[in-house]
Every structure is written in structure tokens, then in C-alpha cells.
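Everything below concerns the one structure shown next.
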Amino acid sequence: MSSNTVRTRFAPSPTGFMHVGNLRTALYAYLIAKSQGGKFILRIEDTDRNRYVEGAVDVIYRTLATAGLLHDEGPDVGGEYGPYVQSERKNMYRPYAEQLVESGAAYYCFCDKTEHDSNGEDVSENPDQECCCRNLDPAIAKARVAAGEPFAIRQKINKEGISTYSDAVFGEITIENKVLDDQILLKRDGMPTYNFANVIDDHTMNITHVVRGSEYLPSTPKYNLLYAAFGWQPPEYVHLPMIMGRNEDGTIAKLSKRHGSVSFESLAAEGYLPAAIVNYIALLGWSPKNDREIFSFEELVSMFKISGLNKSAAVFDYDKLKWMNSEYIKAMAPAEFAKCSKEFAKIAGTNVETYWDMLAGLLQPRTEILSEIPGKIAFLLEQPEYDTSLFNNKKSKCNPEIALTILQELLPMYEALENWTPESITELVTGYAQTKEMKLGLPMWALRIAVSGCAVTPGGPGEIMTVLGKPEAIKRINQALKMLA
RNA sequence: GUCCCUAUCGUCUAGAGGCCUAGGACACCGGGUUUUCAUCCCGGCAACCAGGGUUCGAAUCCCUGUGGGGAUGCCA
């Protein structure tokens, strides 16, 4: 393997669901690697045992696979840098941490854990105070460890001077070392913290570009100090702008569950197409620098450039996602749409199923998300209650009185109609309109209301009456007549 | 509190000193086509946070202020 191959990793913790923000991080990490012929690695960050959720890793695999982000290395596919699950690497971290203790870049800490309230707020009295163990005699500390006293290992940060590093999207970041805290490297339970495990794993896995959210911008100098203490070359940092959600009161905050469906799977369950979700989030914080918005996955790979990454946070806009989803739906092959929409329609075993191909053709241009479909076709399965005021229509000049007359005249004609197809049903009403010298829209409106009870329907009377079948259609016209009389 | 980041239409964004009376898209509002709705066309509304500099010239560079977000966990 050539030494300059780009290697990025996606390092989620198995929490049970994949936030679209995480998915976008994965997407960009994937694109950065693949647009440069590199490798994309999946690593599971499960160092917090309390957070472990059964089946959560499968959600990650499933989401990445569905989204098309196939990893070259990972727990399930293997690779030469394994294991790819941090809990399985547990024994690797302590020697590294102890190496830092030896060199003076870290120290043993015997303090109790800092207390935090339910909001994660530090409720200890002097949160910013330096730990008392920082200046313990190393020999004494070592003896206490040897005696079996529980300990953690903290990073010993030299508070003098400033740290500057360069981020691929945010540019130069400068932070005074005195604001950096002596973060925990190795927890009491022997597990590394996320921050420490990342440095060790990213280095030992040869990761060249660390792609993560911008919330890590201020803590990155601590990582660099660690790299320096080991004598390692820090990776290229690519910090990503955050994704925000709008609260009910109009303020914005980091996108979370309270803003609606924010996991890939829940979005998919609502009827958003995976490709549309991926396309949409690709544009949330990245621009191809032209006016195009719809990209195939392959196009994304070939057009992606780090320089197109934006610095400011972006608000997740469900309206735009919906629009993009509708574009993807319209672009689907009709047969494909008929197939995938059918599962959402919930029509198994009904008369509607028989005519699904025809209905799907009607639905395809007017569906934004698949979950809207049951509502759009409910009137076909069961006649809805409606008010005769629905017969009023300004454009076609229809009203309940005129509708009564029209339906009275049309009813026997339909009863006599043998060939019951969309074409013949429409032909009949067309001929009727011509004979009566009325605009076609008028009897069409009256008929539509009578057989559907809805002002808006996919398709017109021809299709609707076909799906309903002759007996049901006649029945509904008779009912309308009764209401109008 | 301290630190970091950020700032163009309501939203996503283009814009890297003159091409900008600021472009595209979503949403919204009109109009046309259509048996309804939708699709599809066509049009409209709508933004450079404020104040100082630098410059012949600033949305673009610098400073300050303000707004917004984030970090400050033995969470990730």
C-alpha cells in the first residue's frame, strides 16, 4: 500500500439509531476518501459500557449499506488494522497511557469521579480547579497503583503558551494552552476515553484525515499535544459545520429528536428514499459551486471537494428534503415506483391492488413522501362522509342542483354500460357533455364528487370508477342522488 | 464565567476587491396548460447583521460591537 493513500474513518458509537448528522459525517468521510481513491474505514466506538444498546451495531451496518456507504475495513468485513471495535482493543490503550505517564505527559489520578447532574452539568465546587494528583510524586503514585488503588490516567497539559493548528475547512485555529484541561485518558474501568482511543486508533490505523463535527474544534489542541507526546504526525483535520434544527419557539439548536425524525431509519420509514436523503444531506454544508442540486451517488463521489465544505451551521429543512424526495420519486421507473409504493399503500387483498399499476402511475407525479399514499387512496377503499357543498365548484360552474340533474341523467347510462374501463367511462361522459353542450369539466366534477367524496383525487372518474368496480360506482352515484334530492 | 467557531433572501447556498441594480434552489404568492389536484411551463416576493477602517472601488480584506452556535464530562 502506498503511504499517501487517503484513509478516512467513520467512528460512531452504537447508540441504537443513526442521526442524520452522523450519517452526513460518514458521507463526507466516505467522499473524501473515495474522491481521492482512498479507503473508508468503519470503527465502532463502544468504550462507554453504560451506553451499550443491543442490536445497535446492526443499525449502523444497515444504515451504511442502505445509504451506499460501503466500508473497506470494519468489524464485519475485516482488514489489516483490526480489531475495529474499541472494546476489543481494550488492552492496547493502557500501555500507551503508561508510556505517557513515564514521559511526564500524563499522570495517575486517584480522585473520585467528578459529580455531574442529570443535564451533564458539573456540580462540583471548583470545576476548573487543577486536579490534586497532578503534582503527586511519580514514585508515590506508582506505588499506590501497585497497591491496587483505583486510578485513572489524565493528560498533563503544559499550560504555558498557545497551540495553533490548521483545519481543512476552518483554517487556522489558535487556543491558549491554559484553557485546556487535564482530560482523562484512561478511565477507572480500564477503558480509554473517546478522546484518547481516537488518537491511538487513528494513528495505529493509519488514518490520514480525521473527519468529525466542529464541536471538536476547541479540543483538538489536546489531541495534538498527545500526538506530539508520542512523537507522531497528527492527521489532517476536517471539521464539519453542525446541522441544526428549529425549535417550536423559533430558536435553533443542534438537530435532535425533538425536531422530528432525525434518524436515517425513521426518515426511511416515513417514505423518504435513501438516495434522496443522501443527496439532501450532501448539500447541507457542502456545495459543488454551481447550480446543480440533484446528484447520483457516483456524481457525488466524482464532484466532491473539501474546498466546497462550508463553515457555518446549516438548518435541516424538511420542506426541501420533501421536494428532493419528490424529484427522486418522479425519476423512478414506473414499475419500480409501483413496487416500492405498494408496501406503503397497505392495499393487500383489496380491489385497489388489482389496479395498482394504473394507480401508481397516477400517484407517482403527486407523491412527495411515500407515507402520504394511504391518505390519498383511502376513498377508494371506503366511501368517505362528505357534504353536498363539495359539489360547488367555481371553475366548472357546478353546484348541488346542477349535479343532481347531471347525475340523474348519467346514472342510467352507466347502468347500461357494458364495457367498464377508464376509457369507456370517460368516453361516455365526454359524449354526454357534447350532447348537452356543456364543458366537460362540469359533469366530470359532479361525477368525481359522487364517486369519491373528495375534491382532489389521483386520476379522474374514469380511473376511480374502474377501480371501484361497476356495482360500487353505481351505488355511490345513487347515494349522492339521495343526498342531493 | 472562560474559550472556540460563525454571520448573504424565512431555509440551503453561489459569490474568494470591480463581472452584483447580488445568481440558483426550497418554501410562499400570482398566471398558463390540465376533467380535480399534482406534474409541466412562465412570472413575482425576498438577503450582503451594525459601526468603523484599508482601497479609486468592499458582500468580498482588517478591527470593534451585536446576533447565533458550540466546547468546557472517568459521554461520544
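Within each chain, counting starts at residue 1; across the C-alpha cells, chains are named A, B, ... in the order shown, with ligands numbered 1 upward in that order.
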
Exercise answer, chain B residues close to chain A, 12 Å and only C-alpha atoms (C1' of nucleotides), as a PyMOL selection string: chain B and resi 1-7+10-16+23-28+34-40+68-76

DSSP-assigned strand (DSSP E) among range 132-325 of chain A, expressed as an MDAnalysis selection string: chainID A and resid 152:155 162:167 171:176 184:186 209:213 236:240 243:246 252:254 314:315

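CA of Lys305 in chain A is found 7.7 Å from CA of Ser35 in chain A.
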
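If you count only C-alpha atoms (C1' of nucleotides) and ignore residues fewer than 2 places along the chain from U8 in chain B, what sits within 7 Å of it is A47, C48 and A59 of chain B.
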
Those residues with N, CA and C atoms (P, O5', C5', C4', C3', O3' and C1' of nucleotides), as an mmCIF file, in the first residue's frame please?
data_model
loop_
_atom_site.group_PDB
_atom_site.id
_atom_site.type_symbol
_atom_site.label_atom_id
_atom_site.label_comp_id
_atom_site.auth_asym_id
_atom_site.auth_seq_id
_atom_site.Cartn_x
_atom_site.Cartn_y
_atom_site.Cartn_z
ATOM 1 P P A B 47 -34.772 42.090 0.592
ATOM 2 O "O5'" A B 47 -33.543 41.300 1.202
ATOM 3 C "C5'" A B 47 -33.494 41.067 2.615
ATOM 4 C "C4'" A B 47 -32.210 40.363 2.914
ATOM 5 C "C3'" A B 47 -30.952 41.152 2.579
ATOM 6 O "O3'" A B 47 -30.617 42.016 3.655
ATOM 7 C "C1'" A B 47 -30.769 38.945 1.741
ATOM 8 P P C B 48 -29.876 43.367 3.371
ATOM 9 O "O5'" C B 48 -28.474 42.891 2.801
ATOM 10 C "C5'" C B 48 -27.326 42.975 3.626
ATOM 11 C "C4'" C B 48 -26.610 41.655 3.548
ATOM 12 C "C3'" C B 48 -25.270 41.655 4.254
ATOM 13 O "O3'" C B 48 -25.242 40.471 5.042
ATOM 14 C "C1'" C B 48 -24.995 41.151 1.928
ATOM 15 P P A B 59 -20.228 46.288 -1.157
ATOM 16 O "O5'" A B 59 -20.424 44.854 -0.469
ATOM 17 C "C5'" A B 59 -21.185 44.705 0.712
ATOM 18 C "C4'" A B 59 -21.048 43.306 1.236
ATOM 19 C "C3'" A B 59 -19.611 42.810 1.322
ATOM 20 O "O3'" A B 59 -19.079 43.124 2.586
ATOM 21 C "C1'" A B 59 -20.936 41.235 0.149
#

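Take the candidates A:Ala450, A:Ala26, A:Ala197, A:Ala228 and check each one against Leu240 in chain A using only C-alpha atoms; the shortest distance goes to A:Ala26.
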